[in-house]
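Structure data follow from run_33.csv (CSV, C-alpha atoms and all ligand atoms):
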```csv
chain,number,residue,atom,x,y,z
S,1,MET,CA,20.9,27.3,-9.4
S,2,THR,CA,20.0,29.3,-6.3
S,3,THR,CA,16.6,29.3,-5.0
S,4,SER,CA,14.9,31.3,-2.3
S,5,ALA,CA,11.5,31.3,-0.8
S,6,GLY,CA,10.2,33.5,-3.7
S,7,THR,CA,11.5,31.7,-6.8
S,8,GLU,CA,10.4,28.3,-7.7
S,9,ARG,CA,12.7,26.0,-9.7
S,10,PRO,CA,10.6,24.2,-12.4
S,11,LEU,CA,10.4,20.5,-11.6
S,12,ALA,CA,11.6,18.0,-14.3
S,13,HIS,CA,9.0,15.5,-13.5
S,14,THR,CA,6.1,15.3,-11.0
S,15,ARG,CA,3.9,12.3,-10.2
S,16,VAL,CA,0.5,12.9,-8.5
S,17,ILE,CA,-1.4,9.9,-7.1
S,18,ASP,CA,-5.0,10.1,-6.1
S,19,ALA,CA,-5.3,8.4,-2.7
S,20,GLY,CA,-9.0,8.9,-2.2
S,21,SER,CA,-9.6,12.0,-0.1
S,22,TYR,CA,-6.1,13.4,-0.7
S,23,ARG,CA,-3.3,13.5,-3.3
S,24,VAL,CA,0.3,12.3,-3.0
S,25,THR,CA,2.7,14.4,-5.0
S,26,VAL,CA,6.2,13.0,-5.7
S,27,ALA,CA,9.0,14.9,-7.4
S,28,ALA,CA,12.7,15.6,-7.2
S,29,GLY,CA,13.2,19.1,-5.6
S,30,LEU,CA,9.6,19.3,-4.5
S,31,ARG,CA,10.6,20.9,-1.2
S,32,GLN,CA,11.0,24.2,-3.0
S,33,GLN,CA,7.3,24.2,-3.5
S,34,PHE,CA,6.2,22.6,-0.2
S,35,ALA,CA,4.9,26.0,1.3
S,36,ARG,CA,2.8,26.9,-1.7
S,37,VAL,CA,1.2,23.4,-2.0
S,38,ILE,CA,0.6,23.2,1.8
S,39,ALA,CA,-1.1,26.6,1.7
S,40,GLU,CA,-3.3,25.5,-1.1
S,41,ALA,CA,-4.1,22.0,0.3
S,42,ALA,CA,-4.6,23.1,3.9
S,43,PRO,CA,-4.9,26.9,4.2
S,44,ALA,CA,-4.5,28.0,7.8
S,45,HIS,CA,-3.9,31.0,10.1
S,46,HIS,CA,-1.0,29.1,11.7
S,47,TYR,CA,1.4,26.4,10.6
S,48,ALA,CA,2.9,24.1,13.1
S,49,ILE,CA,5.9,22.2,11.7
S,50,VAL,CA,6.8,19.0,13.6
S,51,SER,CA,10.2,17.5,12.9
S,52,ASP,CA,13.0,15.6,14.6
S,53,ASP,CA,16.4,16.8,15.6
S,54,GLU,CA,18.1,15.0,12.8
S,55,VAL,CA,15.8,16.1,10.0
S,56,ALA,CA,15.2,19.7,11.3
S,57,PRO,CA,18.8,20.9,10.8
S,58,LEU,CA,18.7,19.7,7.1
S,59,TYR,CA,15.3,20.8,5.9
S,60,VAL,CA,13.3,22.9,8.4
S,61,GLU,CA,14.6,26.4,7.8
S,62,PRO,CA,13.7,27.0,4.1
S,63,LEU,CA,10.2,25.6,4.8
S,64,THR,CA,9.7,27.8,7.8
S,65,LEU,CA,10.7,30.9,5.8
S,66,ALA,CA,8.6,30.0,2.9
S,67,LEU,CA,5.5,29.2,5.0
S,68,ALA,CA,5.9,32.4,6.9
S,69,ALA,CA,4.9,34.2,3.8
S,70,HIS,CA,1.4,32.7,4.3
S,71,ALA,CA,0.9,32.7,8.1
S,72,PRO,CA,2.7,32.6,11.4
S,73,VAL,CA,4.8,29.4,11.8
S,74,SER,CA,5.9,27.6,14.9
S,75,VAL,CA,8.5,24.8,14.8
S,76,HIS,CA,8.3,21.8,17.2
S,77,VAL,CA,11.4,19.6,17.2
S,78,VAL,CA,11.4,16.3,19.0
S,79,PRO,CA,14.3,14.0,19.6
S,80,ALA,CA,14.8,11.5,16.7
S,81,GLY,CA,14.0,7.8,17.1
S,82,GLU,CA,11.1,5.4,17.8
S,83,GLY,CA,11.8,5.7,21.5
S,84,HIS,CA,10.3,9.2,21.4
S,85,LYS,CA,7.1,8.2,19.6
S,86,THR,CA,5.2,8.4,22.9
S,87,ARG,CA,2.3,10.1,24.7
S,88,ASP,CA,4.9,12.1,26.5
S,89,THR,CA,6.2,13.6,23.3
S,90,TRP,CA,2.6,14.0,22.0
S,91,ALA,CA,1.9,16.1,25.2
S,92,ARG,CA,5.0,18.2,24.7
S,93,VAL,CA,4.2,19.0,21.1
S,94,THR,CA,0.6,19.8,21.9
S,95,ASP,CA,1.6,22.1,24.8
S,96,GLY,CA,4.1,23.8,22.6
S,97,MET,CA,1.4,24.4,20.0
S,98,LEU,CA,-0.9,25.9,22.7
S,99,ASP,CA,1.9,28.1,24.0
S,100,ALA,CA,2.6,29.3,20.4
S,101,GLY,CA,-1.0,30.4,20.1
S,102,CYS,CA,-2.2,27.7,17.7
S,103,GLY,CA,-6.0,27.4,17.5
S,104,ARG,CA,-8.5,25.5,15.5
S,105,ASP,CA,-7.3,27.2,12.3
S,106,THR,CA,-3.9,25.5,12.5
S,107,THR,CA,-2.4,23.1,10.0
S,108,VAL,CA,0.2,20.6,11.2
S,109,VAL,CA,3.1,19.9,8.9
S,110,ALA,CA,5.0,16.6,9.5
S,111,LEU,CA,8.5,16.9,8.2
S,112,GLY,CA,10.5,13.7,8.8
S,113,GLY,CA,10.3,9.9,8.8
S,114,GLY,CA,7.5,7.6,9.9
S,115,VAL,CA,8.1,8.4,13.6
S,116,VAL,CA,7.4,12.1,13.0
S,117,GLY,CA,4.6,11.3,10.6
S,118,ASP,CA,2.8,9.1,13.1
S,119,LEU,CA,3.4,11.4,16.0
S,120,ALA,CA,2.5,14.6,14.2
S,121,GLY,CA,-0.5,12.9,12.6
S,122,PHE,CA,-1.8,11.9,16.1
S,123,VAL,CA,-1.2,15.5,17.4
S,124,ALA,CA,-3.3,16.8,14.5
S,125,ALA,CA,-6.0,14.2,15.0
S,126,THR,CA,-6.4,15.3,18.6
S,127,PHE,CA,-5.5,19.0,18.7
S,128,MET,CA,-8.7,21.0,19.2
S,129,ARG,CA,-10.6,17.7,18.3
S,130,GLY,CA,-8.8,17.5,14.9
S,131,VAL,CA,-6.9,19.9,12.6
S,132,PRO,CA,-5.5,19.1,9.1
S,133,VAL,CA,-2.0,17.5,8.7
S,134,VAL,CA,0.2,17.6,5.6
S,135,GLN,CA,2.7,14.8,5.5
S,136,CYS,CA,6.2,15.7,4.1
S,137,PRO,CA,8.0,12.4,4.4
S,138,THR,CA,11.8,12.3,4.3
S,139,THR,CA,12.5,8.6,4.5
S,140,LEU,CA,11.8,6.0,1.9
S,141,LEU,CA,9.7,4.1,4.4
S,142,ALA,CA,7.6,7.1,5.2
S,143,MET,CA,7.1,8.0,1.5
S,144,ILE,CA,6.0,4.6,0.4
S,145,ASP,CA,4.3,3.4,3.5
S,146,ALA,CA,3.8,5.5,6.7
S,147,SER,CA,2.5,8.7,5.2
S,148,VAL,CA,-0.2,6.9,3.1
S,149,GLY,CA,-3.3,5.4,4.6
S,150,GLY,CA,-4.2,7.7,7.4
S,151,LYS,CA,-3.0,5.7,10.4
S,152,THR,CA,-1.4,7.8,13.1
S,153,GLY,CA,-0.4,7.0,16.7
S,154,VAL,CA,2.2,6.5,19.4
S,155,ASP,CA,3.8,3.6,21.2
S,156,THR,CA,3.2,2.6,24.9
S,157,ALA,CA,5.2,0.4,27.2
S,158,ALA,CA,2.9,-2.4,26.2
S,159,GLY,CA,3.7,-2.2,22.5
S,160,LYS,CA,4.0,-0.2,19.3
S,161,ASN,CA,1.2,1.9,17.9
S,162,LEU,CA,-1.3,1.0,20.6
S,163,VAL,CA,-2.8,4.5,21.0
S,164,GLY,CA,-3.8,6.3,17.8
S,165,ALA,CA,-6.4,7.4,15.4
S,166,PHE,CA,-7.3,7.3,11.7
S,167,HIS,CA,-6.6,10.8,10.4
S,168,PRO,CA,-5.9,11.0,6.7
S,169,PRO,CA,-3.6,13.8,5.6
S,170,ALA,CA,-4.8,16.8,3.6
S,171,ALA,CA,-1.9,16.1,1.3
S,172,VAL,CA,1.3,14.1,1.1
S,173,LEU,CA,4.4,15.8,-0.4
S,174,ALA,CA,7.4,13.6,-1.1
S,175,ASP,CA,10.7,15.2,-2.3
S,176,VAL,CA,12.8,12.2,-3.4
S,177,GLU,CA,15.9,14.3,-3.3
S,178,THR,CA,15.8,14.1,0.5
S,179,ILE,CA,16.6,10.4,0.3
S,180,ALA,CA,20.2,11.4,-0.6
S,181,THR,CA,20.9,12.4,3.0
S,182,LEU,CA,19.2,9.3,4.5
S,183,PRO,CA,21.7,6.8,5.8
S,184,LEU,CA,22.1,3.6,3.7
S,185,PRO,CA,20.7,1.2,6.3
S,186,GLN,CA,17.5,3.3,6.5
S,187,ARG,CA,17.3,3.3,2.7
S,188,ARG,CA,17.6,-0.4,2.5
S,189,SER,CA,15.1,-0.9,5.2
S,190,GLY,CA,12.5,1.3,3.4
S,191,LEU,CA,13.1,-0.6,0.2
S,192,VAL,CA,11.8,-3.7,1.8
S,193,GLU,CA,8.3,-2.3,1.8
S,194,ALA,CA,8.6,-1.5,-1.9
S,195,ILE,CA,9.7,-5.1,-2.6
S,196,LYS,CA,6.7,-6.2,-0.5
S,197,HIS,CA,4.4,-4.1,-2.7
S,198,GLY,CA,5.8,-5.9,-5.8
S,199,VAL,CA,5.3,-9.3,-4.2
S,200,LEU,CA,1.7,-8.6,-3.1
S,201,ALA,CA,0.4,-6.8,-6.2
S,202,ASP,CA,2.7,-6.3,-9.2
S,203,ALA,CA,5.2,-8.8,-10.7
S,204,ALA,CA,6.5,-6.2,-13.3
S,205,TYR,CA,7.2,-3.8,-10.5
S,206,PHE,CA,9.1,-6.5,-8.6
S,207,ALA,CA,11.2,-7.2,-11.7
S,208,ARG,CA,11.9,-3.4,-12.1
S,209,ILE,CA,13.2,-3.2,-8.6
S,210,GLU,CA,15.4,-6.3,-9.4
S,211,SER,CA,17.0,-4.5,-12.4
S,212,GLU,CA,17.2,-1.0,-10.8
S,213,LEU,CA,18.4,-2.0,-7.4
S,214,PRO,CA,21.9,-0.3,-7.6
S,215,ALA,CA,20.3,3.0,-8.6
S,216,LEU,CA,17.8,2.7,-5.8
S,217,LEU,CA,20.4,2.0,-3.2
S,218,ASP,CA,22.3,5.0,-4.6
S,219,ALA,CA,19.2,7.2,-4.1
S,220,ASP,CA,19.1,8.1,-7.8
S,221,PRO,CA,16.3,10.7,-7.9
S,222,SER,CA,14.4,9.6,-11.1
S,223,VAL,CA,14.5,5.9,-10.2
S,224,THR,CA,13.5,6.6,-6.6
S,225,LEU,CA,10.6,8.9,-7.9
S,226,GLU,CA,9.1,6.1,-10.1
S,227,THR,CA,9.5,3.6,-7.2
S,228,VAL,CA,7.9,5.8,-4.6
S,229,ALA,CA,5.1,6.6,-7.1
S,230,ARG,CA,4.3,3.0,-7.9
S,231,SER,CA,4.4,1.9,-4.3
S,232,VAL,CA,2.1,4.7,-3.3
S,233,GLU,CA,-0.3,3.7,-6.0
S,234,ILE,CA,-0.3,0.1,-4.8
S,235,LYS,CA,-0.8,1.0,-1.1
S,236,ALA,CA,-3.4,3.6,-1.9
S,237,ASP,CA,-5.4,1.1,-4.1
S,238,VAL,CA,-5.3,-1.5,-1.3
S,239,VAL,CA,-6.3,1.0,1.4
S,240,ARG,CA,-9.0,2.6,-0.7
S,241,ALA,CA,-10.6,-0.9,-1.1
S,242,ASP,CA,-10.5,-1.4,2.6
S,243,GLU,CA,-10.0,1.7,4.7
S,244,ARG,CA,-10.4,0.0,8.1
S,245,GLU,CA,-8.6,-3.2,7.6
S,246,HIS,CA,-11.4,-5.8,7.4
S,247,GLY,CA,-10.1,-7.5,4.3
S,248,ARG,CA,-7.7,-6.7,1.5
S,249,ARG,CA,-5.7,-4.3,3.6
S,250,LYS,CA,-4.5,-7.3,5.5
S,251,THR,CA,-2.3,-8.2,2.5
S,252,LEU,CA,-0.1,-5.3,3.5
S,253,ASN,CA,0.9,-7.4,6.5
S,254,LEU,CA,2.9,-9.7,4.3
S,255,GLY,CA,6.2,-10.4,6.1
S,256,HIS,CA,5.0,-8.5,9.2
S,257,THR,CA,3.6,-11.3,11.4
S,258,LEU,CA,7.0,-12.9,11.7
S,259,GLY,CA,8.7,-9.5,11.1
S,260,HIS,CA,7.1,-7.9,14.1
S,261,ALA,CA,8.0,-11.0,16.2
S,262,LEU,CA,11.6,-10.9,15.2
S,263,GLU,CA,11.8,-7.1,15.7
S,264,HIS,CA,10.3,-7.5,19.2
S,265,VAL,CA,12.6,-10.4,20.3
S,266,SER,CA,15.7,-8.6,19.0
S,267,GLY,CA,14.8,-5.7,21.4
S,268,TYR,CA,14.5,-3.5,18.3
S,269,ALA,CA,18.1,-4.1,17.4
S,270,LEU,CA,16.8,-5.2,14.0
S,271,LEU,CA,15.5,-2.3,11.9
S,272,HIS,CA,11.8,-2.7,11.0
S,273,GLY,CA,12.7,-3.3,7.3
S,274,GLU,CA,15.4,-5.9,8.2
S,275,ALA,CA,12.9,-7.8,10.4
S,276,VAL,CA,10.3,-7.7,7.6
S,277,ALA,CA,12.9,-8.9,5.1
S,278,ILE,CA,13.4,-12.0,7.1
S,279,GLY,CA,9.7,-12.3,7.8
S,280,MET,CA,8.8,-12.1,4.1
S,281,VAL,CA,11.2,-14.9,3.1
S,282,LEU,CA,10.1,-17.2,5.9
S,283,GLU,CA,6.4,-16.4,5.3
S,284,ALA,CA,6.9,-17.2,1.6
S,285,ARG,CA,8.4,-20.5,2.6
S,286,ILE,CA,5.4,-21.2,4.8
S,287,ALA,CA,3.2,-20.5,1.9
S,288,GLU,CA,5.1,-22.9,-0.3
S,289,ARG,CA,5.0,-25.6,2.3
S,290,LEU,CA,1.2,-25.2,2.5
S,291,GLY,CA,1.0,-25.5,-1.2
S,292,LEU,CA,-0.4,-22.0,-1.5
S,293,ALA,CA,2.6,-20.4,-3.2
S,294,GLU,CA,4.3,-21.3,-6.5
S,295,PRO,CA,7.6,-23.1,-5.8
S,296,GLY,CA,10.5,-20.7,-6.2
S,297,THR,CA,8.7,-17.7,-4.8
S,298,ALA,CA,10.6,-17.6,-1.5
S,299,GLU,CA,13.9,-18.1,-3.4
S,300,ARG,CA,13.3,-15.1,-5.7
S,301,ILE,CA,12.3,-12.8,-2.8
S,302,GLN,CA,15.4,-14.0,-0.9
S,303,GLY,CA,17.7,-13.3,-3.9
S,304,LEU,CA,16.6,-9.7,-4.3
S,305,LEU,CA,16.7,-8.9,-0.5
S,306,ARG,CA,20.1,-10.5,-0.2
S,307,ARG,CA,21.4,-8.4,-3.2
S,308,ALA,CA,20.1,-5.3,-1.4
S,309,GLY,CA,22.2,-6.2,1.6
S,310,LEU,CA,19.4,-7.2,3.8
S,311,PRO,CA,19.2,-10.2,6.2
S,312,VAL,CA,17.1,-13.1,5.0
S,313,ALA,CA,17.4,-15.7,7.8
S,314,ARG,CA,16.6,-15.7,11.6
S,315,PRO,CA,19.7,-14.4,13.4
S,316,PRO,CA,20.8,-17.4,15.5
S,317,GLU,CA,20.8,-15.4,18.8
S,318,LEU,CA,17.0,-15.0,18.5
S,319,PRO,CA,15.6,-18.3,19.9
S,320,VAL,CA,12.9,-20.0,17.8
S,321,ASP,CA,10.5,-20.5,20.8
S,322,SER,CA,10.7,-16.8,21.7
S,323,VAL,CA,9.9,-15.7,18.1
S,324,VAL,CA,6.9,-18.1,17.9
S,325,ASP,CA,5.7,-16.9,21.3
S,326,ALA,CA,6.0,-13.3,20.1
S,327,THR,CA,3.8,-13.9,17.0
S,328,ARG,CA,1.0,-14.4,19.6
S,329,LEU,CA,1.4,-10.8,20.7
S,330,ASP,CA,0.2,-9.8,17.3
S,331,LYS,CA,-3.2,-8.4,16.9
S,332,LYS,CA,-3.8,-11.1,14.3
S,333,ALA,CA,-3.6,-14.0,16.8
S,334,ARG,CA,-6.9,-16.0,17.0
S,335,ALA,CA,-7.6,-19.2,19.1
S,336,GLY,CA,-4.3,-20.9,19.1
S,337,ARG,CA,-3.3,-20.2,15.5
S,338,VAL,CA,-1.8,-17.0,14.2
S,339,GLU,CA,-3.1,-15.5,11.0
S,340,TYR,CA,-0.7,-14.7,8.2
S,341,ALA,CA,-0.9,-12.8,4.9
S,342,LEU,CA,0.7,-15.2,2.5
S,343,PRO,CA,1.9,-14.8,-1.2
S,344,ALA,CA,0.6,-17.0,-4.0
S,345,ARG,CA,3.4,-16.0,-6.3
S,346,ILE,CA,5.4,-12.8,-7.1
S,347,GLY,CA,2.6,-10.3,-7.8
S,348,ALA,CA,-0.4,-12.0,-6.1
S,349,MET,CA,-1.5,-13.0,-2.6
S,350,ALA,CA,-3.3,-16.2,-1.5
S,351,GLY,CA,-6.4,-16.3,0.6
S,352,GLU,CA,-9.0,-14.1,-1.1
S,353,ASP,CA,-11.7,-16.6,0.0
S,354,SER,CA,-10.7,-16.3,3.6
S,355,GLY,CA,-10.5,-12.5,3.8
S,356,TRP,CA,-6.7,-12.6,3.0
S,357,ALA,CA,-5.8,-13.9,6.4
S,358,LEU,CA,-4.6,-17.5,6.7
S,359,PRO,CA,-4.2,-19.3,10.0
S,360,VAL,CA,-0.9,-21.2,10.3
S,361,ASP,CA,-0.1,-23.9,13.0
S,362,ASP,CA,2.8,-23.0,15.3
S,363,GLN,CA,4.4,-26.3,14.4
S,364,LEU,CA,5.0,-25.2,10.8
S,365,VAL,CA,6.2,-21.8,11.9
S,366,HIS,CA,8.7,-23.6,14.2
S,367,GLU,CA,10.0,-25.7,11.4
S,368,VAL,CA,10.5,-22.8,9.0
S,369,LEU,CA,12.3,-20.7,11.7
S,370,ALA,CA,14.6,-23.6,12.6
G,401,LIG,N1,1.2,5.0,9.8
G,401,LIG,C1,1.5,3.9,9.1
G,401,LIG,O1,0.8,3.4,8.3
G,401,LIG,C2,2.9,3.4,9.2
G,401,LIG,C3,3.4,2.4,8.3
G,401,LIG,C4,4.7,2.0,8.4
G,401,LIG,C5,5.5,2.5,9.4
G,401,LIG,N2,5.0,3.4,10.3
G,401,LIG,C6,5.9,3.9,11.4
G,401,LIG,O2,7.0,4.5,10.8
G,401,LIG,C7,8.0,4.5,11.8
G,401,LIG,C8,9.4,4.2,11.1
G,401,LIG,O3,9.6,5.2,10.2
G,401,LIG,P1,11.1,5.5,9.6
G,401,LIG,O4,11.7,4.2,9.2
G,401,LIG,O5,10.9,6.6,8.6
G,401,LIG,O6,11.9,5.9,10.9
G,401,LIG,P2,12.3,7.4,11.5
G,401,LIG,O7,11.2,8.3,11.4
G,401,LIG,O8,12.8,7.0,12.8
G,401,LIG,O9,13.5,7.8,10.6
G,401,LIG,C9,14.7,7.1,10.6
G,401,LIG,C10,15.9,7.9,11.0
G,401,LIG,O10,16.3,8.7,9.8
G,401,LIG,C11,16.4,10.1,10.2
G,401,LIG,N3,16.0,10.8,8.9
G,401,LIG,C12,14.8,10.9,8.4
G,401,LIG,N4,14.8,11.5,7.2
G,401,LIG,C13,16.1,11.8,7.0
G,401,LIG,C14,16.8,12.4,5.9
G,401,LIG,N5,16.1,12.7,4.7
G,401,LIG,N6,18.1,12.5,5.9
G,401,LIG,C15,18.8,12.1,7.1
G,401,LIG,N7,18.2,11.5,8.1
G,401,LIG,C16,16.9,11.4,8.1
G,401,LIG,C17,15.5,10.3,11.3
G,401,LIG,O11,15.9,11.4,12.1
G,401,LIG,C18,15.7,8.9,12.1
G,401,LIG,O12,16.8,9.0,12.9
G,401,LIG,C19,7.7,3.5,12.9
G,401,LIG,O13,7.3,4.2,14.0
G,401,LIG,C20,6.5,2.8,12.3
G,401,LIG,O14,5.6,2.4,13.3
G,401,LIG,C21,3.8,3.8,10.2
G,402,ZN,ZN,6.3,-2.3,7.6
```

Final structure tokens representation of the file:
Amino acid sequence: MTTSAGTERPLAHTRVIDAGSYRVTVAAGLRQQFARVIAEAAPAHHYAIVSDDEVAPLYVEPLTLALAAHAPVSVHVVPAGEGHKTRDTWARVTDGMLDAGCGRDTTVVALGGGVVGDLAGFVAATFMRGVPVVQCPTTLLAMIDASVGGKTGVDTAAGKNLVGAFHPPAAVLADVETIATLPLPQRRSGLVEAIKHGVLADAAYFARIESELPALLDADPSVTLETVARSVEIKADVVRADEREHGRRKTLNLGHTLGHALEHVSGYALLHGEAVAIGMVLEARIAERLGLAEPGTAERIQGLLRRAGLPVARPPELPVDSVVDATRLDKKARAGRVEYALPARIGAMAGEDSGWALPVDDQLVHEVLA
């Protein structure tokens, strides 16, 4: 079927998740309706689309044409990759918007993965002291994680995400068909966060991912749709309960204390999801050693990640000492012990009494890494 800006293809199935102040809409083919939904959720006199140079050639033109029926549109394309999630790029996009005549009545549209989402979100948070942003995520990671929760920001030489703002989107629009063009390693890496959501909140969801893994890796639209929707529900529930990360939101850090350390020591050769996959297995093992997790929890997580083609053990070229040292760079380090979010079993986290953050001695971390 051919579609143009004026004719909308009816969608077979749409899921809408209430994320508090905004809604997340997930559907296959939703990009045909992006412009209309953006214009409804965040009406403006100018739309500034921010995308990167890998996503823009695939998806920016139809959106630009369709949005132009509502108001003037400017397109701001940044180079792809985490290396460009910087203040420098923020300044270039912001200057580009000023040059294009954007004012206070502008809506920013983030079209891309988590890098574009975080960057464009931060541009929106700061432009004219804050204008609306609509997140249109095109990676699995961005759909189920980065676009939900309102965190935006950029990296600095001192570390990732060190400068930013809370700026919840006006809406999140996820077209799961866009996952078909996403390279397999990126798809796998995004799946890790979905598996994490199963571990931390929903055993039945974890089991569903186990049985639907081949379809997910294949980017099957209806299986991807249900997975994105369930993950968004879980993340939105957790975030709603704890918008500013004083308590339950810490459970979302499962796999990330060691994951971030491994990512850092690898010089970012490991993809985020790959590092978190290893981190999740090792942290589940720590939880078992501490008697916090049901025996077999780490084994089951490891089995699923391995079947998904993800790494599950520390790469030997990353020295144990360096990884342990790197856990101290984490914001969660306190007085000689580093805090972890640890599982109790598949579907539940440990540590409710201690605010979901459990201090672990370096010695034990050493042993598990070795
Ligand atoms: N704000 C949050 O709460 C939050 C949560 C998790 C992660 N993040 C951030 O998200 C970022 C990682 O996001 P990511 O994994 O999406 O990486 P990314 O944005 O770099 O995208 C990965 C690669 O895929 C390409 N791509 C994107 N969509 C595509 C598509 N549909 N088809 C083909 N290619 C496509 C991109 O150009 C890029 O090269 C990190 O900066 C991380 O800090 C933020
Ligand atoms: Zn993550």

For this session: Identify, counting only C-alpha atoms and all ligand atoms, the protein, DNA and RNA residues located within 10 Å of ligand ZN 402 (chain G), and give them as a ChimeraX atom specification.
Result: /S:141-142,144-146,189-190,192-194,196,252-256,259-260,272-277

For this session: List the neighbours of segment 37-42 of chain S out to 9 Å using all atoms listed in the file; skip same-chain residues closer than 3 positions along the sequence, and give me the result as a VMD selection string.
Result: chain S and resid 22 33 to 34 67 70 106 to 107 109 132 to 134 170 to 171 173

For this session: May I ask for the distance between atom CA of His46 of chain S and atom CA of Pro137 of chain S, given in Å to one decimal place?
Result: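 Between these atoms lies a distance of 20.3 Å.
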
For this session: Find the distance between atom CA of Tyr47 of chain S and atom CA of Ala125 of chain S and write it in Å to one decimal.
Result: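 For atom CA of Tyr47 of chain S relative to atom CA of Ala125 of chain S, the distance reads 14.9 Å.
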
Problem set entry | Residues within 6 Å of ligand LIG 401 (chain G), counting all atoms listed in the file, as a ChimeraX atom specification | /S:52,54-55,80-82,112-116,118,138-139,141-142,145-146,149,151-152,178-179,181-182

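Across S:Val60, S:Val172, S:Leu270, S:Leu258, the tightest approach to Ser147 of chain S is made by S:Val172 when counting all atoms listed in the file.
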
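Across the model, the gap from atom CA of Cys136 of chain S to atom CA of Ser74 of chain S is 16.1 Å.
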
Report as CSV: every residue of segment 308-346 of chain S with an atom at most 9 Å from segment 228-251 of chain S, its closest pair of atoms, and their distance in Å to one decimal, counting only C-alpha atoms, with rows sorted by chain and ascending residue number.
```
residue,atom,partner,partner_atom,distance
S:Tyr340,CA,S:Lys250,CA,8.7
S:Ala341,CA,S:Thr251,CA,5.4
S:Leu342,CA,S:Thr251,CA,7.6
S:Pro343,CA,S:Thr251,CA,8.7
```

Give me the residues within 10 Å of Val368 of chain S as a PDB file with C-alpha atoms, in the frame of the given file, counting all atoms listed in the file and dropping any in the same chain fewer than 5 places off.
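Printed below is part-v1.pdb as written:
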```pdb
ATOM      1  CA  VAL S 281      11.200 -14.900   3.100  1.00  0.00           C
ATOM      2  CA  LEU S 282      10.100 -17.200   5.900  1.00  0.00           C
ATOM      3  CA  GLU S 283       6.400 -16.400   5.300  1.00  0.00           C
ATOM      4  CA  ALA S 284       6.900 -17.200   1.600  1.00  0.00           C
ATOM      5  CA  ARG S 285       8.400 -20.500   2.600  1.00  0.00           C
ATOM      6  CA  ILE S 286       5.400 -21.200   4.800  1.00  0.00           C
ATOM      7  CA  ARG S 289       5.000 -25.600   2.300  1.00  0.00           C
ATOM      8  CA  ALA S 313      17.400 -15.700   7.800  1.00  0.00           C
ATOM      9  CA  ARG S 314      16.600 -15.700  11.600  1.00  0.00           C
ATOM     10  CA  VAL S 320      12.900 -20.000  17.800  1.00  0.00           C
ATOM     11  CA  ASP S 362       2.800 -23.000  15.300  1.00  0.00           C
ATOM     12  CA  GLN S 363       4.400 -26.300  14.400  1.00  0.00           C
TER      13      GLN S 363
END
```

Exercise. Pick from S:Val93, S:Val148, S:Ala165, S:Val75: nearest to Ile17 of chain S, with all atoms listed in the file counted?
Worked result: S:Val148

Exercise. Can you tell me, as a PyMOL selection string, what residues are no more than 7 Å from segment 213-217 of chain S when counting all atoms listed in the file, ignoring any on the same chain fewer than 6 positions away?
Worked result: chain S and resi 187-188+223-224

Hey, can you spit out that residue selection with C-alpha atoms as a JSON list (two decimals), in the frame of the given file?
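Just written: again04.json:
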```
[["chain", "number", "residue", "atom", "x", "y", "z"],
["S", 187, "ARG", "CA", 17.30, 3.30, 2.70],
["S", 188, "ARG", "CA", 17.60, -0.40, 2.50],
["S", 223, "VAL", "CA", 14.50, 5.90, -10.20],
["S", 224, "THR", "CA", 13.50, 6.60, -6.60]]
```

Can you find the residues with an atom no farther than 12 Å from (6.9, -23.8, -5.4), counting all atoms listed in the file, and report them as a PDB file with C-alpha atoms, in the frame of the given file?
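Resulting contents of out.pdb:
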```pdb
ATOM      1  CA  ALA S 284       6.900 -17.200   1.600  1.00  0.00           C
ATOM      2  CA  ARG S 285       8.400 -20.500   2.600  1.00  0.00           C
ATOM      3  CA  ILE S 286       5.400 -21.200   4.800  1.00  0.00           C
ATOM      4  CA  ALA S 287       3.200 -20.500   1.900  1.00  0.00           C
ATOM      5  CA  GLU S 288       5.100 -22.900  -0.300  1.00  0.00           C
ATOM      6  CA  ARG S 289       5.000 -25.600   2.300  1.00  0.00           C
ATOM      7  CA  LEU S 290       1.200 -25.200   2.500  1.00  0.00           C
ATOM      8  CA  GLY S 291       1.000 -25.500  -1.200  1.00  0.00           C
ATOM      9  CA  LEU S 292      -0.400 -22.000  -1.500  1.00  0.00           C
ATOM     10  CA  ALA S 293       2.600 -20.400  -3.200  1.00  0.00           C
ATOM     11  CA  GLU S 294       4.300 -21.300  -6.500  1.00  0.00           C
ATOM     12  CA  PRO S 295       7.600 -23.100  -5.800  1.00  0.00           C
ATOM     13  CA  GLY S 296      10.500 -20.700  -6.200  1.00  0.00           C
ATOM     14  CA  THR S 297       8.700 -17.700  -4.800  1.00  0.00           C
ATOM     15  CA  ALA S 298      10.600 -17.600  -1.500  1.00  0.00           C
ATOM     16  CA  GLU S 299      13.900 -18.100  -3.400  1.00  0.00           C
ATOM     17  CA  ARG S 300      13.300 -15.100  -5.700  1.00  0.00           C
ATOM     18  CA  PRO S 343       1.900 -14.800  -1.200  1.00  0.00           C
ATOM     19  CA  ALA S 344       0.600 -17.000  -4.000  1.00  0.00           C
ATOM     20  CA  ARG S 345       3.400 -16.000  -6.300  1.00  0.00           C
ATOM     21  CA  ILE S 346       5.400 -12.800  -7.100  1.00  0.00           C
TER      22      ILE S 346
END
```
